[in-house]
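Trainee: So here's final_33.csv (CSV, C-alpha atoms and all ligand atoms).
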chain,number,residue,atom,x,y,z
P,1,MET,CA,-12.3,18.2,30.1
P,2,SER,CA,-10.8,16.5,27.0
P,3,LEU,CA,-7.1,16.4,25.9
P,4,ALA,CA,-8.2,16.4,22.3
P,5,HIS,CA,-7.1,19.9,21.6
P,6,GLY,CA,-4.0,20.9,19.8
P,7,ARG,CA,-3.0,19.2,16.5
P,8,PRO,CA,-5.2,16.1,15.8
P,9,TYR,CA,-3.6,13.0,14.4
P,10,ALA,CA,-5.4,10.5,12.2
P,11,ALA,CA,-3.2,7.4,12.6
P,12,ILE,CA,-5.2,5.5,10.0
P,13,PRO,CA,-3.7,3.6,7.1
P,14,GLY,CA,-4.6,6.1,4.4
P,15,PRO,CA,-5.0,8.8,3.8
P,16,SER,CA,-1.8,9.2,5.8
P,17,VAL,CA,-0.3,12.4,7.3
P,18,ILE,CA,0.5,15.0,4.6
P,19,PRO,CA,3.7,16.9,5.3
P,20,ASP,CA,3.2,20.7,5.5
P,21,ARG,CA,5.7,21.0,2.7
P,22,VAL,CA,3.6,18.8,0.4
P,23,LEU,CA,0.5,20.9,1.2
P,24,ALA,CA,2.5,24.1,0.7
P,25,ALA,CA,3.7,22.9,-2.7
P,26,MET,CA,0.1,22.4,-3.8
P,27,HIS,CA,-1.0,25.8,-2.6
P,28,ARG,CA,-0.6,27.7,-5.9
P,29,PRO,CA,-2.7,29.1,-8.7
P,30,ALA,CA,-3.8,26.7,-11.5
P,31,PRO,CA,-0.9,26.3,-14.0
P,32,ASN,CA,-1.1,26.3,-17.7
P,33,ILE,CA,-1.7,22.7,-18.8
P,34,TYR,CA,-0.2,23.5,-22.2
P,35,GLY,CA,3.0,25.1,-20.7
P,36,GLN,CA,6.5,23.9,-20.6
P,37,ALA,CA,6.8,24.1,-16.8
P,38,LEU,CA,4.1,21.5,-16.2
P,39,ARG,CA,5.6,19.2,-18.8
P,40,GLU,CA,9.1,19.5,-17.1
P,41,LEU,CA,7.5,18.8,-13.7
P,42,THR,CA,5.8,15.6,-15.0
P,43,GLU,CA,9.0,14.5,-16.8
P,44,SER,CA,10.9,14.9,-13.5
P,45,LEU,CA,8.5,12.6,-11.7
P,46,ILE,CA,8.8,9.6,-14.0
P,47,PRO,CA,12.5,8.7,-13.3
P,48,ASP,CA,12.0,9.3,-9.6
P,49,LEU,CA,9.0,7.0,-9.5
P,50,LYS,CA,11.2,4.4,-11.2
P,51,ARG,CA,13.8,4.9,-8.5
P,52,LEU,CA,11.2,4.5,-5.9
P,53,ALA,CA,10.0,1.1,-7.2
P,54,ARG,CA,13.6,0.1,-8.1
P,55,THR,CA,12.8,-0.6,-11.7
P,56,ALA,CA,14.2,0.1,-15.1
P,57,GLY,CA,10.7,-0.5,-16.5
P,58,HIS,CA,8.0,2.1,-17.1
P,59,ALA,CA,5.8,4.2,-14.9
P,60,ALA,CA,2.3,5.6,-15.6
P,61,ILE,CA,0.2,8.0,-13.5
P,62,TYR,CA,-3.6,8.0,-13.4
P,63,ILE,CA,-6.1,10.3,-11.8
P,64,GLY,CA,-7.5,7.8,-9.4
P,65,ASN,CA,-7.3,5.9,-6.0
P,66,GLY,CA,-6.3,2.4,-5.2
P,67,HIS,CA,-9.4,0.9,-6.8
P,68,ALA,CA,-8.5,2.7,-10.0
P,69,ALA,CA,-5.0,1.2,-9.8
P,70,TRP,CA,-6.6,-2.3,-9.7
P,71,GLU,CA,-8.8,-1.5,-12.7
P,72,ALA,CA,-5.8,-0.1,-14.6
P,73,ALA,CA,-3.9,-3.3,-14.1
P,74,ASN,CA,-6.9,-5.5,-14.9
P,75,ALA,CA,-7.7,-3.5,-18.1
P,76,ASN,CA,-4.1,-3.7,-19.4
P,77,LEU,CA,-3.4,-7.3,-18.6
P,78,PHE,CA,-6.6,-9.3,-19.4
P,79,SER,CA,-9.2,-10.2,-21.9
P,80,ARG,CA,-12.7,-11.2,-20.9
P,81,GLY,CA,-12.6,-14.8,-19.7
P,82,ASP,CA,-8.9,-14.8,-18.9
P,83,ARG,CA,-7.8,-16.6,-15.8
P,84,ALA,CA,-5.9,-15.0,-12.9
P,85,LEU,CA,-4.7,-16.5,-9.6
P,86,VAL,CA,-5.2,-14.4,-6.5
P,87,PRO,CA,-3.6,-15.6,-3.3
P,88,ALA,CA,-5.5,-13.5,-0.7
P,89,THR,CA,-4.5,-12.6,2.8
P,90,GLY,CA,-7.2,-10.1,3.8
P,91,LEU,CA,-9.9,-7.8,2.5
P,92,PHE,CA,-7.7,-6.0,0.0
P,93,GLY,CA,-6.7,-9.2,-1.8
P,94,LEU,CA,-10.3,-10.3,-1.9
P,95,GLY,CA,-11.3,-6.8,-3.1
P,96,TRP,CA,-8.8,-6.9,-6.0
P,97,ALA,CA,-10.0,-10.3,-7.1
P,98,ASN,CA,-13.6,-9.0,-7.0
P,99,SER,CA,-12.6,-6.0,-9.1
P,100,ALA,CA,-11.1,-8.3,-11.7
P,101,ALA,CA,-14.1,-10.7,-11.6
P,102,ARG,CA,-16.5,-7.9,-12.2
P,103,MET,CA,-14.5,-6.9,-15.3
P,104,GLY,CA,-14.9,-10.4,-16.6
P,105,VAL,CA,-11.7,-12.1,-15.5
P,106,GLN,CA,-11.9,-15.6,-14.0
P,107,ALA,CA,-10.1,-14.6,-10.8
P,108,GLU,CA,-9.4,-17.7,-8.8
P,109,VAL,CA,-8.8,-16.9,-5.1
P,110,ILE,CA,-6.7,-19.0,-2.9
P,111,ASP,CA,-7.8,-17.7,0.5
P,112,PHE,CA,-4.9,-17.9,3.1
P,113,GLY,CA,-7.0,-16.5,5.8
P,114,ARG,CA,-6.4,-13.3,7.8
P,115,SER,CA,-3.4,-13.9,10.0
P,116,GLY,CA,-0.6,-15.2,7.8
P,117,PRO,CA,1.1,-14.9,4.5
P,118,ALA,CA,0.4,-16.8,1.3
P,119,ASP,CA,2.0,-20.2,1.1
P,120,PRO,CA,4.2,-20.3,-2.0
P,121,ASP,CA,3.9,-24.1,-2.2
P,122,ARG,CA,0.2,-23.8,-2.8
P,123,ILE,CA,0.7,-21.2,-5.4
P,124,GLU,CA,3.2,-23.4,-7.1
P,125,ALA,CA,0.8,-26.4,-7.0
P,126,ALA,CA,-2.0,-24.3,-8.5
P,127,LEU,CA,0.2,-23.2,-11.3
P,128,ARG,CA,1.5,-26.7,-12.0
P,129,ALA,CA,-2.1,-27.9,-12.3
P,130,ASP,CA,-2.6,-25.3,-15.1
P,131,ARG,CA,-0.7,-27.4,-17.7
P,132,ALA,CA,-1.9,-25.2,-20.5
P,133,GLY,CA,-0.4,-22.1,-18.9
P,134,ALA,CA,-3.7,-20.3,-19.2
P,135,ILE,CA,-3.4,-18.4,-16.0
P,136,ARG,CA,-2.2,-14.9,-17.1
P,137,ALA,CA,-1.1,-13.4,-13.8
P,138,VAL,CA,-0.6,-14.0,-10.1
P,139,MET,CA,-2.0,-11.0,-8.3
P,140,VAL,CA,-0.6,-10.6,-4.8
P,141,THR,CA,-1.1,-7.9,-2.2
P,142,HIS,CA,2.3,-7.0,-0.7
P,143,VAL,CA,0.9,-5.7,2.6
P,144,ASP,CA,-2.8,-6.2,3.1
P,145,THR,CA,-3.9,-3.1,4.9
P,146,ALA,CA,-6.8,-4.9,6.6
P,147,THR,CA,-4.9,-7.7,8.2
P,148,GLY,CA,-1.4,-6.1,8.3
P,149,VAL,CA,-0.1,-9.3,6.7
P,150,ARG,CA,3.0,-8.9,4.5
P,151,ASN,CA,3.6,-11.4,1.7
P,152,ASP,CA,7.0,-12.5,0.5
P,153,LEU,CA,7.0,-11.4,-3.1
P,154,ARG,CA,10.3,-13.1,-3.8
P,155,ALA,CA,8.9,-16.4,-2.6
P,156,VAL,CA,5.9,-16.0,-4.9
P,157,ARG,CA,8.2,-15.3,-7.9
P,158,ALA,CA,10.2,-18.4,-6.9
P,159,ALA,CA,7.0,-20.4,-6.9
P,160,ILE,CA,6.0,-19.2,-10.4
P,161,ASP,CA,9.5,-20.0,-11.7
P,162,ALA,CA,9.6,-23.4,-10.0
P,163,ALA,CA,6.3,-24.3,-11.7
P,164,GLY,CA,7.9,-23.2,-15.0
P,165,HIS,CA,4.7,-21.1,-15.5
P,166,PRO,CA,4.6,-18.0,-17.7
P,167,ALA,CA,2.2,-16.0,-15.5
P,168,LEU,CA,3.0,-12.4,-14.7
P,169,LEU,CA,3.6,-11.4,-11.1
P,170,VAL,CA,1.5,-8.4,-10.3
P,171,ALA,CA,1.9,-6.8,-6.8
P,172,ASP,CA,-0.4,-4.4,-5.0
P,173,CYS,CA,2.0,-2.2,-3.1
P,174,ILE,CA,-0.5,0.5,-2.3
P,175,ALA,CA,0.1,0.2,1.5
P,176,SER,CA,3.8,-0.7,1.4
P,177,LEU,CA,5.5,1.4,-1.2
P,178,GLY,CA,7.8,4.0,0.5
P,179,CYS,CA,7.4,2.0,3.8
P,180,ASP,CA,8.4,-1.6,3.3
P,181,ARG,CA,11.5,-2.7,1.4
P,182,PHE,CA,10.6,-3.4,-2.2
P,183,LEU,CA,12.8,-4.0,-5.2
P,184,MET,CA,10.6,-4.5,-8.3
P,185,ASP,CA,13.2,-5.7,-10.8
P,186,ASP,CA,15.3,-7.7,-8.3
P,187,TRP,CA,12.3,-9.5,-7.0
P,188,GLY,CA,10.9,-10.3,-10.5
P,189,VAL,CA,7.7,-8.3,-10.1
P,190,ASP,CA,6.2,-7.5,-13.6
P,191,VAL,CA,3.6,-4.9,-12.5
P,192,THR,CA,3.5,-2.8,-9.4
P,193,LEU,CA,0.5,-0.8,-8.1
P,194,ALA,CA,0.5,2.2,-5.8
P,195,ALA,CA,-1.6,5.2,-4.8
P,196,SER,CA,-0.6,8.6,-3.6
P,197,GLN,CA,-2.2,8.7,-0.2
P,198,LYS,CA,-0.3,6.1,1.8
P,199,GLY,CA,3.5,5.9,1.9
P,200,LEU,CA,3.7,8.6,-0.7
P,201,MET,CA,2.3,11.2,1.7
P,202,THR,CA,0.3,13.0,-1.0
P,203,PRO,CA,-3.5,13.5,-0.9
P,204,PRO,CA,-5.7,10.7,-2.4
P,205,GLY,CA,-6.0,11.2,-6.2
P,206,LEU,CA,-3.2,9.5,-8.0
P,207,ALA,CA,-2.9,5.8,-9.0
P,208,ILE,CA,0.6,4.9,-10.1
P,209,LEU,CA,1.6,1.7,-12.0
P,210,TRP,CA,4.9,0.4,-13.0
P,211,MET,CA,5.3,-2.3,-15.7
P,212,ASN,CA,8.1,-4.1,-17.5
P,213,ASP,CA,8.2,-5.1,-21.1
P,214,ARG,CA,6.8,-8.6,-20.4
P,215,ALA,CA,3.7,-6.9,-19.0
P,216,LEU,CA,3.5,-4.5,-22.0
P,217,ALA,CA,3.5,-7.5,-24.3
P,218,ALA,CA,0.4,-8.8,-22.6
P,219,THR,CA,-1.3,-5.4,-23.1
P,220,ALA,CA,-1.4,-5.7,-26.9
P,221,ALA,CA,-3.8,-8.7,-26.6
P,222,ALA,CA,-5.8,-7.4,-23.6
P,223,ASP,CA,-9.3,-6.7,-24.8
P,224,LEU,CA,-10.4,-5.1,-21.5
P,225,ARG,CA,-8.3,-2.1,-22.5
P,226,THR,CA,-10.1,1.2,-22.9
P,227,PRO,CA,-8.8,4.5,-24.1
P,228,TYR,CA,-8.6,5.9,-20.5
P,229,TRP,CA,-6.9,2.8,-18.9
P,230,ASP,CA,-4.5,1.9,-21.7
P,231,TRP,CA,-1.1,2.6,-20.2
P,232,ARG,CA,0.9,2.6,-23.5
P,233,PRO,CA,0.2,6.2,-24.5
P,234,ARG,CA,0.9,7.3,-20.9
P,235,ILE,CA,4.4,5.8,-20.9
P,236,ALA,CA,5.3,7.1,-24.3
P,237,PRO,CA,3.2,10.2,-24.9
P,238,GLU,CA,3.5,12.0,-28.2
P,239,GLU,CA,1.5,14.9,-26.8
P,240,TYR,CA,1.5,16.1,-23.2
P,241,TYR,CA,-2.2,15.4,-22.7
P,242,GLN,CA,-1.5,11.7,-23.3
P,243,TYR,CA,0.3,11.4,-19.9
P,244,PHE,CA,-3.1,11.6,-18.3
P,245,CYS,CA,-5.5,11.0,-21.1
P,246,GLY,CA,-6.8,14.6,-20.6
P,247,THR,CA,-6.2,17.3,-18.0
P,248,ALA,CA,-3.3,16.6,-15.7
P,249,PRO,CA,-3.9,16.3,-11.9
P,250,THR,CA,-1.9,19.5,-11.7
P,251,HIS,CA,-1.8,20.1,-7.9
P,252,HIS,CA,-1.2,16.5,-7.0
P,253,LEU,CA,1.8,16.6,-9.3
P,254,PHE,CA,3.3,19.5,-7.3
P,255,GLY,CA,2.6,17.6,-4.1
P,256,LEU,CA,4.1,14.4,-5.4
P,257,ARG,CA,7.2,16.2,-6.6
P,258,GLU,CA,7.8,17.5,-3.0
P,259,ALA,CA,7.1,14.1,-1.5
P,260,LEU,CA,9.5,12.3,-3.8
P,261,THR,CA,12.2,14.8,-3.1
P,262,MET,CA,11.7,14.2,0.6
P,263,ILE,CA,11.8,10.4,0.2
P,264,LEU,CA,14.5,9.9,-2.4
P,265,ASP,CA,16.8,12.9,-2.2
P,266,GLU,CA,16.6,14.1,1.4
P,267,GLU,CA,16.0,11.1,3.7
P,268,GLY,CA,16.9,8.4,1.2
P,269,LEU,CA,14.8,5.3,0.5
P,270,GLU,CA,17.0,3.0,2.6
P,271,ALA,CA,16.6,5.3,5.6
P,272,VAL,CA,12.8,5.6,5.0
P,273,TRP,CA,12.6,1.8,5.1
P,274,ALA,CA,14.8,1.7,8.3
P,275,ARG,CA,12.5,4.3,10.0
P,276,HIS,CA,9.4,2.3,9.2
P,277,GLU,CA,11.1,-0.9,10.5
P,278,ARG,CA,12.0,0.8,13.8
P,279,LEU,CA,8.6,2.4,14.3
P,280,ALA,CA,6.8,-0.9,13.5
P,281,ARG,CA,9.0,-2.6,16.1
P,282,ALA,CA,7.9,0.0,18.7
P,283,VAL,CA,4.2,-0.8,17.9
P,284,TRP,CA,4.8,-4.5,18.2
P,285,ALA,CA,6.7,-4.1,21.5
P,286,ALA,CA,3.8,-2.1,23.0
P,287,VAL,CA,1.1,-4.6,22.0
P,288,GLY,CA,3.3,-7.4,23.2
P,289,ALA,CA,3.5,-5.9,26.7
P,290,TRP,CA,-0.2,-5.2,26.9
P,291,GLY,CA,-1.0,-8.7,25.8
P,292,GLY,CA,1.1,-10.1,28.7
P,293,GLN,CA,-1.9,-9.7,31.0
P,294,GLY,CA,-4.9,-9.1,28.8
P,295,ASP,CA,-6.9,-10.2,25.8
P,296,ILE,CA,-4.8,-8.1,23.5
P,297,ARG,CA,-2.6,-9.4,20.7
P,298,LEU,CA,-1.1,-8.7,17.3
P,299,ASN,CA,-2.9,-10.2,14.4
P,300,VAL,CA,0.2,-11.6,12.7
P,301,ALA,CA,2.3,-13.9,14.9
P,302,ASP,CA,5.4,-14.1,12.7
P,303,PRO,CA,7.3,-10.8,12.6
P,304,ALA,CA,8.6,-11.5,9.1
P,305,ALA,CA,5.0,-11.6,7.8
P,306,ARG,CA,4.0,-8.2,9.3
P,307,GLY,CA,3.7,-5.1,7.3
P,308,ARG,CA,6.0,-2.2,8.4
P,309,SER,CA,3.3,0.4,7.7
P,310,VAL,CA,0.2,-0.8,9.4
P,311,THR,CA,-0.6,-3.1,12.4
P,312,SER,CA,-3.9,-4.9,13.1
P,313,VAL,CA,-4.5,-5.3,16.8
P,314,PHE,CA,-7.1,-7.5,18.7
P,315,VAL,CA,-8.5,-6.1,21.9
P,316,GLY,CA,-11.2,-8.5,23.1
P,317,GLY,CA,-14.6,-7.9,24.5
P,318,GLY,CA,-15.3,-5.0,22.1
P,319,GLY,CA,-12.3,-3.3,23.7
P,320,ALA,CA,-10.9,-2.1,20.3
P,321,ALA,CA,-14.0,-0.1,19.5
P,322,ARG,CA,-14.1,1.4,23.0
P,323,LEU,CA,-10.4,2.3,22.8
P,324,ARG,CA,-10.8,3.9,19.4
P,325,ALA,CA,-13.7,6.0,20.7
P,326,TRP,CA,-11.6,7.1,23.8
P,327,THR,CA,-8.5,8.0,21.9
P,328,GLU,CA,-10.4,10.2,19.5
P,329,ALA,CA,-12.6,11.9,22.1
P,330,GLU,CA,-10.0,12.3,24.9
P,331,ALA,CA,-6.7,12.5,23.1
P,332,GLY,CA,-7.2,13.7,19.5
P,333,VAL,CA,-5.9,10.4,18.0
P,334,VAL,CA,-8.0,8.6,15.4
P,335,LEU,CA,-7.1,4.9,15.1
P,336,GLY,CA,-8.1,2.7,12.1
P,337,ILE,CA,-11.2,0.6,12.3
P,338,GLY,CA,-11.0,-3.2,12.0
P,339,LEU,CA,-11.5,-4.1,8.4
P,340,GLY,CA,-12.6,-7.5,7.1
P,341,MET,CA,-11.9,-9.0,10.6
P,342,GLY,CA,-15.5,-9.6,11.6
P,343,THR,CA,-16.7,-12.9,12.9
P,344,PRO,CA,-20.3,-14.2,13.4
P,345,GLU,CA,-20.0,-13.1,17.1
P,346,ASP,CA,-18.4,-9.7,16.2
P,347,PRO,CA,-19.6,-8.9,12.7
P,348,GLU,CA,-18.7,-5.3,13.0
P,349,ALA,CA,-15.2,-6.2,14.2
P,350,ARG,CA,-15.5,-4.3,17.5
P,351,ASP,CA,-12.5,-6.3,18.7
P,352,TRP,CA,-10.1,-5.1,16.0
P,353,LEU,CA,-8.4,-1.8,15.4
P,354,ARG,CA,-5.4,-0.8,13.2
P,355,VAL,CA,-2.5,1.5,14.0
P,356,ALA,CA,-0.9,3.2,11.0
P,357,HIS,CA,2.8,3.9,11.0
P,358,MET,CA,2.9,4.9,7.4
P,359,GLY,CA,4.6,7.7,5.5
P,360,HIS,CA,5.3,11.0,7.3
P,361,VAL,CA,5.6,9.6,10.8
P,362,SER,CA,8.3,10.2,13.4
P,363,ALA,CA,9.2,8.6,16.7
P,364,HIS,CA,7.3,11.2,18.7
P,365,MET,CA,4.1,10.6,16.6
P,366,THR,CA,4.2,6.8,17.0
P,367,LEU,CA,5.3,6.8,20.6
P,368,GLY,CA,2.6,9.4,21.3
P,369,VAL,CA,-0.1,7.2,19.7
P,370,LEU,CA,1.0,4.2,21.8
P,371,ALA,CA,1.2,6.1,25.0
P,372,VAL,CA,-2.4,7.5,24.3
P,373,MET,CA,-3.6,3.9,23.7
P,374,GLU,CA,-2.1,2.8,27.0
P,375,ALA,CA,-3.8,5.7,28.7
P,376,GLY,CA,-7.1,4.7,27.1
P,377,LEU,CA,-6.7,1.0,28.2
P,378,ALA,CA,-6.1,2.3,31.8
P,379,ALA,CA,-9.0,4.8,31.7
P,380,LEU,CA,-11.4,2.2,30.3
P,381,GLY,CA,-10.3,-0.5,32.7
P,382,ILE,CA,-9.4,-2.8,29.9
P,383,PRO,CA,-7.1,-5.5,31.4
P,384,HIS,CA,-3.6,-5.2,30.0
P,385,GLY,CA,0.0,-5.9,30.9
P,386,PRO,CA,2.0,-2.9,32.1
P,387,GLY,CA,4.9,-1.2,30.4
P,388,GLY,CA,3.7,-1.0,26.8
P,389,ALA,CA,4.8,2.6,26.3
P,390,ALA,CA,8.2,1.8,27.9
P,391,ALA,CA,8.6,-1.2,25.7
P,392,ALA,CA,7.9,1.0,22.7
P,393,ALA,CA,10.5,3.5,23.9
P,394,ALA,CA,13.0,0.8,24.3
P,395,ALA,CA,12.4,-0.4,20.8
P,396,VAL,CA,13.1,3.1,19.5
P,397,ALA,CA,16.1,3.4,21.8
P,398,ALA,CA,17.5,0.1,20.4
P,399,GLY,CA,18.5,1.9,17.2
P,400,ASP,CA,18.2,0.6,13.7
P,401,ALA,CA,17.5,-3.1,13.2
P,402,PRO,CA,18.3,-4.6,9.8
P,403,VAL,CA,15.5,-3.9,7.4
P,404,ALA,CA,13.8,-7.3,6.9
D,501,LIG,C1,-5.8,1.5,0.4
D,501,LIG,C2,-5.6,0.2,-0.4
D,501,LIG,C3,-6.3,-0.1,-1.5
D,501,LIG,C4,-7.5,0.7,-1.9
D,501,LIG,O1,-7.2,2.0,-2.1
D,501,LIG,P1,-8.4,3.1,-2.3
D,501,LIG,O2,-7.6,4.4,-2.5
D,501,LIG,O3,-9.1,3.1,-1.0
D,501,LIG,O4,-9.2,2.7,-3.5
D,501,LIG,C5,-6.0,-1.3,-2.2
D,501,LIG,N1,-5.0,-2.1,-1.8
D,501,LIG,C6,-4.3,-1.8,-0.7
D,501,LIG,C7,-3.2,-2.8,-0.3
D,501,LIG,C8,-4.5,-0.7,0.0
D,501,LIG,O5,-3.8,-0.4,1.1
Translate the structure described by the file into structure tokens.

Mentor:
Amino acid sequence: MSLAHGRPYAAIPGPSVIPDRVLAAMHRPAPNIYGQALRELTESLIPDLKRLARTAGHAAIYIGNGHAAWEAANANLFSRGDRALVPATGLFGLGWANSAARMGVQAEVIDFGRSGPADPDRIEAALRADRAGAIRAVMVTHVDTATGVRNDLRAVRAAIDAAGHPALLVADCIASLGCDRFLMDDWGVDVTLAASQKGLMTPPGLAILWMNDRALAATAAADLRTPYWDWRPRIAPEEYYQYFCGTAPTHHLFGLREALTMILDEEGLEAVWARHERLARAVWAAVGAWGGQGDIRLNVADPAARGRSVTSVFVGGGGAARLRAWTEAEAGVVLGIGLGMGTPEDPEARDWLRVAHMGHVSAHMTLGVLAVMEAGLAALGIPHGPGGAAAAAAAVAAGDAPVA
């Protein structure tokens, strides 16, 4: 007999749980793409997207996923042969560098490994070495979804400024926007990337980019621009079709409208950040207790450098893969696979899993996932310290911690 009946839960870092309200908002006949209602809907999204990213700049929406967001940024910022600096802290930073390289950008990776944040001093040194100021942009992943590492974007901006370098700061916030605290303008971020299917609680299909006027100035010279990727008509459309360079992603817009209302107008962005902070602490507390007497640990030692939306966990001896199989088959909980964490001994990363606590998640969902993981550790005989679920409950009971 399995306990995997009832509502299943994919606790994977995207696509995240879609609120019933978002699904319901999408359940409607096709709208007239030449009508006033769809135009008004779209025009209501733009100011709310700017509130979400905390910017007075511009916002553009594309039909696409996170990889599309990368290409949109690449196309609007670079010419073939331009240089970019990519401080990478996991598979997603490396993937972004690869996407730029394949488009003809000289993307210079500084690999900071898989368990800690980018060191701003090394970024500053790399920029100082570029006396001609040829590096056009520093491309940083805010939270790397593979490792769970969170980078300090303010520190990266300070490093660029300390070097007196003109490079733009471009931030991949695909896994963090609407989860981790983020203030685009205050932090000096020039371009921000997101996608609909993570903190924004909407099905995969929208890539969203925010840019300031400094970034727009770079676009004029960028020869990788193509008619579809050019963000300039999208932010100042003369005709409605220019918002999307063709047919609008109609149903996604209705879904996103509902999600933004939930985040910005009902719960409030500060409360959304505080909820993610508290649920993340519950996850860390559980893993910490299990690790007391077992080969189990969090990937990122420093709490300040951990994403608040996703946690990468080591369970040795192939325990992570066995635990994932157990939670899915016996409890209806799908955990994320290890990504980019493989070693020569464990190329498939059977020792790594990821727990998402991203978007539409509540205390009962995250505590439920953690209690199920504890049940699985016990059922499989994987050595672990006691009290993980209780430690998670205590973290929830402790109330709001300051959002760091
Ligand atoms: C999910 C993710 C991506 C890739 O998004 P896709 O929709 O899978 O293309 C890129 N960067 C980060 C940080 C992500 O979390």

Trainee: Can you pull out the residues contacting Leu370 in chain P? Cut-off 10 Å, using all atoms listed in the file, and skip same-chain residues under 6 positions away; I want them as a PyMOL selection string.

Mentor: chain P and resi 282-283+286-287+355+364+376+388-390+392-393

Trainee: Which residues sit within 8 Å of ligand LIG 501 (chain D), counting all atoms listed in the file, listed as an mmCIF file with C-alpha atoms, keeping the file's coordinate frame?

Mentor:
data_model
loop_
_atom_site.group_PDB
_atom_site.id
_atom_site.type_symbol
_atom_site.label_atom_id
_atom_site.label_comp_id
_atom_site.auth_asym_id
_atom_site.auth_seq_id
_atom_site.Cartn_x
_atom_site.Cartn_y
_atom_site.Cartn_z
ATOM 1 C CA PRO P 13 -3.700 3.600 7.100
ATOM 2 C CA GLY P 14 -4.600 6.100 4.400
ATOM 3 C CA GLY P 64 -7.500 7.800 -9.400
ATOM 4 C CA ASN P 65 -7.300 5.900 -6.000
ATOM 5 C CA GLY P 66 -6.300 2.400 -5.200
ATOM 6 C CA HIS P 67 -9.400 0.900 -6.800
ATOM 7 C CA ALA P 68 -8.500 2.700 -10.000
ATOM 8 C CA ALA P 69 -5.000 1.200 -9.800
ATOM 9 C CA TRP P 70 -6.600 -2.300 -9.700
ATOM 10 C CA PHE P 92 -7.700 -6.000 0.000
ATOM 11 C CA GLY P 93 -6.700 -9.200 -1.800
ATOM 12 C CA GLY P 95 -11.300 -6.800 -3.100
ATOM 13 C CA TRP P 96 -8.800 -6.900 -6.000
ATOM 14 C CA THR P 141 -1.100 -7.900 -2.200
ATOM 15 C CA HIS P 142 2.300 -7.000 -0.700
ATOM 16 C CA VAL P 143 0.900 -5.700 2.600
ATOM 17 C CA ASP P 144 -2.800 -6.200 3.100
ATOM 18 C CA THR P 145 -3.900 -3.100 4.900
ATOM 19 C CA ALA P 146 -6.800 -4.900 6.600
ATOM 20 C CA ASP P 172 -0.400 -4.400 -5.000
ATOM 21 C CA CYS P 173 2.000 -2.200 -3.100
ATOM 22 C CA ILE P 174 -0.500 0.500 -2.300
ATOM 23 C CA ALA P 175 0.100 0.200 1.500
ATOM 24 C CA SER P 176 3.800 -0.700 1.400
ATOM 25 C CA ALA P 195 -1.600 5.200 -4.800
ATOM 26 C CA GLN P 197 -2.200 8.700 -0.200
ATOM 27 C CA LYS P 198 -0.300 6.100 1.800
ATOM 28 C CA PRO P 204 -5.700 10.700 -2.400
ATOM 29 C CA GLY P 205 -6.000 11.200 -6.200
#

Trainee: Within 8 Å of Ala118 in chain P, counting all atoms listed in the file, which residues show up once you throw out same-chain ones fewer than 6 positions away? Write them as a PyMOL selection string, please.

Mentor: chain P and resi 87-89+112+151-152

Trainee: Using only C-alpha atoms, which of the listed residues (P:Arg154, P:Arg232, P:Arg28, P:Arg83) sits closest to His252 in chain P?

Mentor: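 Among P:Arg154, P:Arg232, P:Arg28, P:Arg83, it is P:Arg28 that comes nearest to His252 in chain P.
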
Trainee: If you take every atom of range 99-118 of chain P that the file lists and fit an axis-aligned box around them with 3 Å extra on each side, what centre and edge lengths come out in Å to one decimal, as lines of an AutoDock Vina configuration file?

Mentor:
center_x = -7.7
center_y = -12.5
center_z = -3.3
size_x = 23.6
size_y = 19.0
size_z = 32.6

Trainee: I'd like the neighbourhood of Ala363 in chain P as a ChimeraX atom specification, where a residue qualifies if any of its atoms comes within 10 Å (using only C-alpha atoms), though same-chain residues fewer than 6 positions away should be ignored.

Mentor: /P:275-276,278-279,282,357,369,392-393,396

Trainee: Rounded to one decimal, what separation in Å do you get between CA of Gly292 in chain P and CA of Ser2 in chain P?

Mentor: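 These atoms are spaced 29.2 Å apart.
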
Trainee: Of the residues P:Ala134, P:Ile46, P:Ile263, P:Ala75, which is the one nearest to Ala60 in chain P, using all atoms listed in the file?

Mentor: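 For Ala60 in chain P, the nearest of the given residues is P:Ile46.
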
Trainee: What's the separation between CA of Ala107 in chain P and CA of Val86 in chain P, in Å to one decimal place?

Mentor: 6.5 Å

Trainee: Between P:Ala84, P:Val191, P:Ala285, P:Leu153, which has the minimum distance to Pro386 in chain P (counting all atoms listed in the file)?

Mentor: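 Ranked by minimum distance to Pro386 in chain P, first place goes to P:Ala285.
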
Trainee: Using only C-alpha atoms for the distances, tell me which of P:Val310, P:Leu45, P:Val138, P:Ala329 is nearest to Arg150 in chain P.

Mentor: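 The closest residue to Arg150 in chain P is P:Val310.
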
Trainee: Figure out the distance between CA of Leu380 in chain P and CA of Ala4 in chain P, please, to one decimal in Å.

Mentor: 16.6 Å

Trainee: Counting all atoms listed in the file, I want the residues whose atoms come within 12 Å of (-2.9, -18.6, 9.6) in the file frame, returned as a tab-separated table (two decimals) with C-alpha atoms, keeping the file's coordinate frame.

Mentor:
chain	number	residue	atom	x	y	z
P	88	ALA	CA	-5.50	-13.50	-0.70
P	89	THR	CA	-4.50	-12.60	2.80
P	90	GLY	CA	-7.20	-10.10	3.80
P	111	ASP	CA	-7.80	-17.70	0.50
P	112	PHE	CA	-4.90	-17.90	3.10
P	113	GLY	CA	-7.00	-16.50	5.80
P	114	ARG	CA	-6.40	-13.30	7.80
P	115	SER	CA	-3.40	-13.90	10.00
P	116	GLY	CA	-0.60	-15.20	7.80
P	117	PRO	CA	1.10	-14.90	4.50
P	118	ALA	CA	0.40	-16.80	1.30
P	119	ASP	CA	2.00	-20.20	1.10
P	147	THR	CA	-4.90	-7.70	8.20
P	149	VAL	CA	-0.10	-9.30	6.70
P	299	ASN	CA	-2.90	-10.20	14.40
P	300	VAL	CA	0.20	-11.60	12.70
P	301	ALA	CA	2.30	-13.90	14.90
P	302	ASP	CA	5.40	-14.10	12.70
P	305	ALA	CA	5.00	-11.60	7.80
